[in-house]
$ cat data06.txt   # compact mmCIF, C-alpha atoms and all ligand atoms
# COMPACT_ATOMS: atom_id res chain seq x y z
CA MET A 1494 -3.15 -18.85 6.97
CA VAL A 1495 -5.33 -16.00 5.65
CA LYS A 1496 -6.39 -13.55 8.35
CA THR A 1497 -9.97 -12.43 7.80
CA ILE A 1498 -11.46 -9.13 8.94
CA ALA A 1499 -15.06 -7.92 8.62
CA ILE A 1500 -15.82 -4.20 8.49
CA SER A 1501 -19.34 -3.83 9.87
CA SER A 1502 -21.69 -1.30 11.41
CA GLY A 1503 -25.13 -0.93 12.87
CA LYS A 1504 -26.10 2.28 11.11
CA GLY A 1505 -25.48 2.74 7.37
CA GLY A 1506 -23.33 5.44 5.82
CA VAL A 1507 -20.83 5.58 8.69
CA GLY A 1508 -17.73 4.93 6.57
CA LYS A 1509 -17.42 1.13 6.28
CA THR A 1510 -16.51 1.12 2.60
CA SER A 1511 -14.10 4.04 3.03
CA LEU A 1512 -12.38 2.25 5.90
CA ALA A 1513 -12.40 -1.15 4.15
CA VAL A 1514 -10.90 0.18 0.91
CA ASN A 1515 -8.25 2.46 2.44
CA SER A 1516 -7.12 0.12 5.21
CA SER A 1517 -6.91 -2.79 2.74
CA ILE A 1518 -4.70 -0.70 0.45
CA LYS A 1519 -2.61 0.32 3.45
CA LEU A 1520 -2.10 -3.35 4.32
CA SER A 1521 -1.02 -4.08 0.76
CA MET A 1522 1.37 -1.12 0.90
CA GLU A 1523 2.90 -2.89 3.92
CA GLY A 1524 3.66 -5.82 1.63
CA MET A 1525 0.65 -7.98 2.45
CA LYS A 1526 -1.34 -9.83 -0.19
CA VAL A 1527 -4.85 -8.51 0.40
CA ALA A 1528 -8.25 -9.12 -1.16
CA LEU A 1529 -11.33 -7.05 -0.45
CA LEU A 1530 -14.67 -8.86 -0.72
CA ASP A 1531 -17.49 -6.41 -1.28
CA ALA A 1532 -20.24 -8.31 0.55
CA ASP A 1533 -22.79 -5.53 0.18
CA PHE A 1534 -24.25 -7.75 -2.53
CA GLY A 1535 -26.56 -6.03 -4.97
CA MET A 1536 -25.49 -2.58 -3.68
CA ALA A 1537 -21.74 -3.06 -3.90
CA ASN A 1538 -19.72 0.10 -4.45
CA SER A 1539 -16.08 -0.54 -3.50
CA HIS A 1540 -15.20 -0.68 -7.20
CA ILE A 1541 -16.45 2.90 -7.58
CA LEU A 1542 -14.14 4.13 -4.84
CA LEU A 1543 -11.31 2.20 -6.50
CA ASN A 1544 -12.27 3.52 -9.93
CA HIS A 1545 -12.13 -0.03 -11.23
CA LYS A 1546 -14.41 -1.23 -14.01
CA VAL A 1547 -15.62 -4.67 -12.99
CA THR A 1548 -16.64 -7.42 -15.33
CA ASN A 1549 -17.33 -10.60 -13.38
CA THR A 1550 -18.87 -10.38 -9.94
CA ILE A 1551 -20.06 -12.77 -7.24
CA GLN A 1552 -23.22 -13.18 -9.33
CA ASP A 1553 -21.15 -15.10 -11.90
CA ILE A 1554 -20.14 -17.56 -9.22
CA LEU A 1555 -23.73 -18.13 -8.16
CA GLU A 1556 -25.34 -18.19 -11.57
CA ASN A 1557 -22.71 -18.99 -14.18
CA LYS A 1558 -20.49 -21.36 -12.22
CA ALA A 1559 -17.54 -18.98 -12.64
CA ALA A 1560 -14.41 -19.85 -10.67
CA ILE A 1561 -13.26 -17.41 -8.02
CA GLU A 1562 -10.09 -16.70 -10.03
CA GLN A 1563 -12.31 -15.20 -12.75
CA VAL A 1564 -13.94 -12.88 -10.26
CA VAL A 1565 -10.85 -11.54 -8.49
CA HIS A 1566 -9.81 -8.23 -10.06
CA ASP A 1567 -6.28 -6.88 -9.75
CA THR A 1568 -6.67 -3.14 -9.15
CA SER A 1569 -4.04 -0.49 -9.83
CA SER A 1570 -3.71 0.07 -6.06
CA GLY A 1571 -2.24 -3.44 -5.63
CA LEU A 1572 -5.36 -4.59 -3.86
CA LYS A 1573 -7.37 -7.52 -5.21
CA LEU A 1574 -11.09 -6.79 -5.43
CA ILE A 1575 -13.90 -9.35 -5.34
CA PRO A 1576 -16.89 -7.27 -6.43
CA GLY A 1577 -20.35 -7.91 -5.00
CA GLY A 1578 -22.38 -6.74 -7.98
CA SER A 1579 -24.55 -3.65 -8.00
CA GLY A 1580 -28.00 -2.99 -9.35
CA ILE A 1581 -28.65 -6.74 -9.36
CA LEU A 1582 -31.92 -7.43 -7.57
CA GLU A 1583 -31.33 -11.18 -7.21
CA LEU A 1584 -28.30 -10.48 -5.05
CA LEU A 1585 -30.20 -8.42 -2.51
CA ASN A 1586 -31.95 -11.33 -0.82
CA LEU A 1587 -29.54 -14.23 -0.80
CA ASP A 1588 -30.70 -17.22 1.19
CA SER A 1589 -28.40 -18.99 3.61
CA LYS A 1590 -27.42 -21.67 1.08
CA LYS A 1591 -26.25 -19.00 -1.39
CA ARG A 1592 -24.35 -17.20 1.37
CA TRP A 1593 -22.65 -20.48 2.24
CA GLU A 1594 -21.77 -21.01 -1.45
CA ILE A 1595 -20.14 -17.57 -1.57
CA ILE A 1596 -18.11 -18.18 1.59
CA ARG A 1597 -16.91 -21.57 0.30
CA SER A 1598 -16.21 -20.19 -3.20
CA LEU A 1599 -13.25 -18.24 -1.80
CA ASP A 1600 -11.49 -21.38 -0.52
CA PRO A 1601 -9.17 -21.74 -3.56
CA LEU A 1602 -7.60 -18.35 -2.69
CA LYS A 1603 -6.29 -19.77 0.59
CA ASP A 1604 -2.63 -19.95 -0.47
CA THR A 1605 -2.60 -16.72 -2.44
CA LEU A 1606 -3.57 -14.25 0.30
CA ASP A 1607 -2.40 -12.92 3.66
CA TYR A 1608 -5.59 -10.97 4.36
CA LEU A 1609 -9.23 -11.01 3.34
CA VAL A 1610 -11.14 -7.85 4.27
CA VAL A 1611 -14.94 -8.10 4.01
CA ASP A 1612 -17.06 -4.98 3.55
CA THR A 1613 -20.42 -6.11 4.99
CA PRO A 1614 -23.85 -4.53 4.60
CA ALA A 1615 -25.00 -2.22 7.42
CA GLY A 1616 -27.25 -3.51 10.20
CA ALA A 1617 -27.93 -6.80 11.90
CA SER A 1618 -29.56 -8.65 9.00
CA ASP A 1619 -28.87 -12.38 8.61
CA ALA A 1620 -26.49 -11.60 5.72
CA SER A 1621 -24.51 -8.98 7.66
CA LEU A 1622 -24.18 -11.21 10.69
CA GLU A 1623 -23.26 -14.30 8.73
CA PHE A 1624 -20.52 -12.65 6.67
CA ALA A 1625 -19.15 -10.86 9.73
CA ALA A 1626 -19.17 -14.04 11.84
CA ALA A 1627 -17.37 -15.93 9.06
CA CYS A 1628 -14.31 -13.72 9.75
CA ASP A 1629 -11.66 -14.01 12.51
CA LYS A 1630 -12.13 -10.40 13.53
CA VAL A 1631 -15.15 -8.09 13.38
CA VAL A 1632 -14.45 -4.36 13.30
CA VAL A 1633 -17.49 -2.17 13.95
CA VAL A 1634 -17.42 1.38 12.59
CA LEU A 1635 -18.90 3.81 15.10
CA VAL A 1636 -19.56 7.52 14.69
CA PRO A 1637 -20.03 9.79 17.70
CA GLU A 1638 -23.84 10.04 17.48
CA PRO A 1639 -26.53 8.43 19.67
CA THR A 1640 -28.16 6.67 16.70
CA SER A 1641 -24.85 5.09 15.71
CA PHE A 1642 -24.31 3.94 19.32
CA MET A 1643 -27.75 2.32 19.45
CA ASP A 1644 -27.42 0.56 16.11
CA ALA A 1645 -23.83 -0.57 16.79
CA TYR A 1646 -24.98 -1.93 20.14
CA ALA A 1647 -27.82 -3.87 18.45
CA PHE A 1648 -25.37 -5.33 15.92
CA ILE A 1649 -22.87 -6.38 18.61
CA LYS A 1650 -25.64 -7.88 20.71
CA ALA A 1651 -26.77 -10.02 17.76
CA LEU A 1652 -23.17 -11.06 17.05
CA ASN A 1653 -22.75 -12.04 20.67
CA MET A 1654 -26.10 -13.80 21.18
CA GLU A 1655 -26.59 -15.42 17.77
CA LYS A 1656 -23.01 -16.07 16.68
CA ASN A 1657 -21.43 -16.46 20.09
CA PHE A 1658 -18.70 -13.87 19.46
CA GLN A 1659 -16.81 -12.94 22.62
CA ASN A 1660 -14.71 -10.15 21.14
CA VAL A 1661 -15.30 -7.22 18.83
CA SER A 1662 -13.20 -4.22 17.76
CA VAL A 1663 -14.27 -0.65 17.12
CA VAL A 1664 -12.99 2.12 14.82
CA VAL A 1665 -14.41 5.55 15.59
CA ASN A 1666 -14.99 7.53 12.39
CA LEU A 1667 -15.82 11.22 11.89
CA ALA A 1668 -14.20 12.13 15.20
CA ALA A 1669 -13.09 15.69 15.97
CA ASN A 1670 -9.73 14.49 17.32
CA GLY A 1671 -8.00 11.53 18.97
CA ALA A 1672 -9.10 12.42 22.48
CA GLY A 1673 -12.73 12.81 21.37
CA ALA A 1674 -12.60 9.47 19.54
CA LYS A 1675 -11.24 7.69 22.61
CA LYS A 1676 -13.90 9.28 24.79
CA SER A 1677 -16.66 8.09 22.43
CA PHE A 1678 -15.12 4.62 22.44
CA ASP A 1679 -14.90 4.52 26.24
CA SER A 1680 -18.54 5.48 26.73
CA PHE A 1681 -19.64 3.02 24.05
CA LYS A 1682 -17.61 0.21 25.63
CA LYS A 1683 -19.11 1.01 29.01
CA ILE A 1684 -22.64 0.61 27.64
CA VAL A 1685 -21.84 -2.63 25.79
CA THR A 1686 -19.98 -4.33 28.64
CA LYS A 1687 -22.67 -3.34 31.12
CA PHE A 1688 -25.22 -5.49 29.33
CA LEU A 1689 -23.24 -8.04 27.31
CA SER A 1690 -20.48 -10.44 28.10
CA ILE A 1691 -18.19 -9.44 25.22
CA ASP A 1692 -14.79 -7.80 25.08
CA VAL A 1693 -14.65 -4.52 23.12
CA GLU A 1694 -11.26 -3.40 21.78
CA TYR A 1695 -10.16 -0.06 20.38
CA ALA A 1696 -8.80 -0.42 16.83
CA GLY A 1697 -8.27 3.27 16.03
CA TRP A 1698 -10.03 6.36 14.72
CA LEU A 1699 -10.42 8.60 11.68
CA PRO A 1700 -11.13 12.32 11.63
CA ARG A 1701 -13.84 14.04 9.64
CA SER A 1702 -11.80 14.86 6.56
CA ASN A 1703 -12.63 16.84 3.44
CA LEU A 1704 -10.03 14.83 1.57
CA MET A 1705 -11.87 11.61 2.45
CA ALA A 1706 -15.22 13.06 1.45
CA SER A 1707 -13.88 14.30 -1.89
CA SER A 1708 -12.01 11.06 -2.63
CA ILE A 1709 -15.29 9.37 -3.38
CA VAL A 1710 -16.03 11.97 -6.05
CA SER A 1711 -12.53 11.90 -7.51
CA ARG A 1712 -12.59 8.09 -7.29
CA LYS A 1713 -9.16 7.88 -5.84
CA PRO A 1714 -8.77 6.26 -2.41
CA VAL A 1715 -7.47 8.90 -0.01
CA ILE A 1716 -4.59 6.68 1.10
CA LEU A 1717 -3.13 7.01 -2.43
CA ASN A 1718 -3.48 10.81 -2.46
CA LYS A 1719 -0.12 12.56 -2.59
CA SER A 1720 -1.44 15.46 -0.50
CA LEU A 1721 -2.54 13.11 2.29
CA ASP A 1722 -1.50 14.76 5.55
CA LYS A 1723 0.68 13.03 8.12
CA THR A 1724 -2.12 12.81 10.66
CA LEU A 1725 -4.56 10.95 8.42
CA ASN A 1726 -1.77 8.73 7.13
CA GLY A 1727 -0.89 8.00 10.77
CA ASN A 1728 -4.51 7.10 11.52
CA PHE A 1729 -4.51 4.53 8.73
CA SER A 1730 -1.10 3.23 9.79
CA SER A 1731 -2.35 2.61 13.33
CA ILE A 1732 -5.43 0.80 12.04
CA ALA A 1733 -3.30 -1.30 9.65
CA ASN A 1734 -0.97 -2.08 12.53
CA TYR A 1735 -3.90 -3.23 14.59
CA PHE A 1736 -4.93 -5.50 11.71
CA LEU A 1737 -1.40 -6.89 11.50
CA ASN A 1738 -1.30 -7.81 15.17
CA PHE A 1739 -4.74 -8.83 16.36
CA GLU A 1740 -5.49 -12.12 18.10
CA GLU A 1741 -7.83 -14.35 16.14
CA GLU A 1742 -11.33 -14.88 17.47
CA LYS A 1743 -12.01 -18.54 18.22
CA SER A 1744 -15.68 -18.79 17.38
CA SER A 1745 -17.38 -21.72 15.71
CA GLY A 1746 -19.75 -21.76 12.75
CA ILE A 1747 -19.25 -21.24 9.02
CA LYS A 1748 -15.87 -19.57 8.43
CA PHE A 1749 -13.99 -18.27 5.42
CA PHE A 1750 -11.26 -20.74 4.38
CA ASN A 1751 -12.83 -23.42 6.59
CA LYS A 1752 -10.90 -22.42 9.68
N1 LIG A 1801 -13.75 10.33 7.81
C1 LIG A 1801 -14.57 10.84 6.88
N2 LIG A 1801 -14.54 12.17 6.61
C2 LIG A 1801 -15.38 12.70 5.68
N3 LIG A 1801 -16.27 11.99 4.98
C3 LIG A 1801 -16.33 10.66 5.21
C4 LIG A 1801 -15.49 10.02 6.17
N4 LIG A 1801 -15.79 8.69 6.17
C5 LIG A 1801 -16.76 8.52 5.25
N5 LIG A 1801 -17.10 9.69 4.68
C6 LIG A 1801 -18.13 9.92 3.64
O1 LIG A 1801 -19.37 9.41 4.12
C7 LIG A 1801 -20.10 8.80 3.07
C8 LIG A 1801 -20.43 7.37 3.45
O2 LIG A 1801 -19.20 6.64 3.52
P1 LIG A 1801 -19.12 5.09 3.13
O3 LIG A 1801 -19.74 4.85 1.81
O4 LIG A 1801 -17.73 4.68 3.33
O5 LIG A 1801 -20.06 4.52 4.27
P2 LIG A 1801 -20.68 3.05 4.41
O6 LIG A 1801 -20.78 2.76 5.86
O7 LIG A 1801 -19.93 2.10 3.57
O8 LIG A 1801 -22.13 3.26 3.79
P3 LIG A 1801 -23.21 2.10 3.44
O9 LIG A 1801 -23.81 1.68 4.75
O10 LIG A 1801 -24.19 2.81 2.56
O11 LIG A 1801 -22.46 1.00 2.75
C9 LIG A 1801 -19.24 8.94 1.82
O12 LIG A 1801 -19.67 10.05 1.10
C10 LIG A 1801 -17.84 9.13 2.38
O13 LIG A 1801 -17.02 9.88 1.51
MG MG A 1802 -20.55 0.78 2.06
$ encode --input "data06.txt" --output "structure tokens"
Amino acid sequence: MVKTIAISSGKGGVGKTSLAVNSSIKLSMEGMKVALLDADFGMANSHILLNHKVTNTIQDILENKAAIEQVVHDTSSGLKLIPGGSGILELLNLDSKKRWEIIRSLDPLKDTLDYLVVDTPAGASDASLEFAAACDKVVVVLVPEPTSFMDAYAFIKALNMEKNFQNVSVVVNLAANGAGAKKSFDSFKKIVTKFLSIDVEYAGWLPRSNLMASSIVSRKPVILNKSLDKTLNGNFSSIANYFLNFEEEKSSGIKFFNK
């Protein structure tokens, strides 16, 4: 059974794509068969981080009746990439039928994967919520800033109220250190659980790292960098471990692989 994980956020630019790409590669380094779906349709950029030239994208499934196998790209990192298409205006405002078609189009990959990681668009739009809720596990990226707290709260509230999710996980990015990350998580959890009936779990943290910032320019995921320090490698290991061991969310609705 494929385990499916959404990487989401309230606020944009908090590190979703960086987390999605590097943690997916880490999972494949652990021997898992992993595909990354770039669901930031129309503005997709995972392929840039992976330095992978993409030919077919999700657009070819919607418009040219391409099969999913023609859209899955084997990247040099070992990760399989399903690109969302960038600079394509038609992909920016997909209606719910098209979103459903995309979710169902992945069904044939069921026996070829251990994990599907979905990089969702920022915010609580219908598309973000629907792709997140189609996964077993939703991981919200939080940065230690009031605006990120507010937007992450709004996203989790929508996931809870509209999609009936009872459980969500959080990765704190751009933290000064582990203790600071945990403190941010604890205060965020306190706010969420005060107002919503949802469980909030800690999935790990990442430091502010020059290596991560420059990896986007050098187009080489930081997890593949030979000068990656032990600490950052450890951060990604913990997050990958969390992904390997989480309990699946039992929510209803449209799910990847018809679970
Ligand atoms: N831990 C980190 N340390 C330093 N820079 C980081 C870190 N995480 C992300 N960044 C940088 O922040 C910027 C935004 O990251 P990223 O594209 O991963 O965010 P995002 O949430 O996917 O954004 P969007 O909402 O636009 O999709 C990038 O330039 C990235 O290199
Ligand atoms: Mg992104």
$ closest_residue --input "data06.txt" --among "A:Asn1660, A:Thr1613, A:Ser1730, A:Asn1544" --to "Ser1711 (chain A)" --atoms "only C-alpha atoms"
A:Asn1544
$ closest_residue --input "data06.txt" --among "A:Lys1630, A:Lys1504, A:Lys1496, A:Lys1748" --to "ligand LIG 1801 (chain A)" --atoms "all atoms listed in the file"
A:Lys1504
$ residues_around --input "data06.txt" --residues "Asp1644 (chain A)" --least-positions-apart "3" --cutoff "6 Å" --atoms "only C-alpha atoms" --output "list in words"
Gly1503, Lys1504, Ser1641 and Ala1647 of chain A
$ atom_distance --input "data06.txt" --atom1 "CA of Ile1649 (chain A)" --atom2 "CA of Val1693 (chain A)"
9.6 Å
$ atom_distance --input "data06.txt" --atom1 "CA of Glu1694 (chain A)" --atom2 "CA of Glu1742 (chain A)"
12.3 Å
$ residues_near_ligand --input "data06.txt" --ligand "ligand MG 1802 (chain A)" --cutoff "9 Å" --atoms "all atoms listed in the file" --output "list in words"
Gly1505, Gly1506, Val1507, Gly1508, Lys1509, Thr1510, Ser1511, Ala1513, Asp1531, Asp1533, Met1536, Ala1537, Asn1538, Ser1539, Asp1612, Thr1613, Pro1614 and Ala1615 of chain A
$ atom_distance --input "data06.txt" --atom1 "CA of Lys1526 (chain A)" --atom2 "CA of Val1565 (chain A)"
12.7 Å
$ residues_around --input "data06.txt" --residues "Leu1542 (chain A)" --least-positions-apart "6" --cutoff "7 Å" --atoms "all atoms listed in the file" --output "list in words"
Ile1709, Arg1712, Lys1713 and Pro1714 of chain A
$ residues_around --input "data06.txt" --residues "Lys1752 (chain A)" --least-positions-apart "4" --cutoff "12 Å" --atoms "only C-alpha atoms" --output "PyMOL selection string"
chain A and resi 1494-1497+1596-1597+1600+1603+1626-1629+1741-1748
$ closest_residue --input "data06.txt" --among "A:Ile1551, A:Leu1652, A:Ile1541, A:Leu1530" --to "Ser1708 (chain A)" --atoms "only C-alpha atoms"
A:Ile1541
$ closest_atom_pairs --input "data06.txt" --of "region 1592-1656 of chain A" --to "region 1670-1676 of chain A" --cutoff "12 Å" --atoms "all atoms listed in the file" --output "JSON lines"
{"residue": "A:Val1634", "atom": "CA", "partner": "A:Ala1674", "partner_atom": "CA", "distance": 11.7}
{"residue": "A:Leu1635", "atom": "CA", "partner": "A:Ala1674", "partner_atom": "CA", "distance": 9.6}
{"residue": "A:Val1636", "atom": "CA", "partner": "A:Ala1674", "partner_atom": "CA", "distance": 8.7}
{"residue": "A:Pro1637", "atom": "CA", "partner": "A:Ala1674", "partner_atom": "CA", "distance": 7.7}
{"residue": "A:Glu1638", "atom": "CA", "partner": "A:Ala1674", "partner_atom": "CA", "distance": 11.4}
$ closest_residue --input "data06.txt" --among "A:Ile1684, A:Ala1669, A:Leu1725, A:Val1632" --to "Arg1701 (chain A)" --atoms "only C-alpha atoms"
A:Ala1669
$ residues_around --input "data06.txt" --residues "Asp1588 (chain A)" --least-positions-apart "4" --cutoff "12 Å" --atoms "all atoms listed in the file" --output "ChimeraX atom specification"
/A:1555,1583-1584,1592-1595,1618-1620,1623
$ residues_around --input "data06.txt" --residues "Gln1563 (chain A)" --least-positions-apart "5" --cutoff "12 Å" --atoms "only C-alpha atoms" --output "ChimeraX atom specification"
/A:1547-1554,1557-1558,1573-1576,1598-1599,1601-1602
$ axis_aligned_box --input "data06.txt" --around "region 1740-1750 of chain A" --padding-each-side "5 Å" --output "JSON"
{"center_x": -12.6, "center_y": -16.9, "center_z": 11.3, "size_x": 24.3, "size_y": 19.6, "size_z": 23.8}
$ closest_residue --input "data06.txt" --among "A:Asn1657, A:Asn1703, A:Ser1579, A:Thr1568" --to "Ser1517 (chain A)" --atoms "only C-alpha atoms"
A:Thr1568
$ closest_residue --input "data06.txt" --among "A:Ser1502, A:Thr1686, A:His1540, A:Phe1736" --to "Val1665 (chain A)" --atoms "all atoms listed in the file"
A:Ser1502
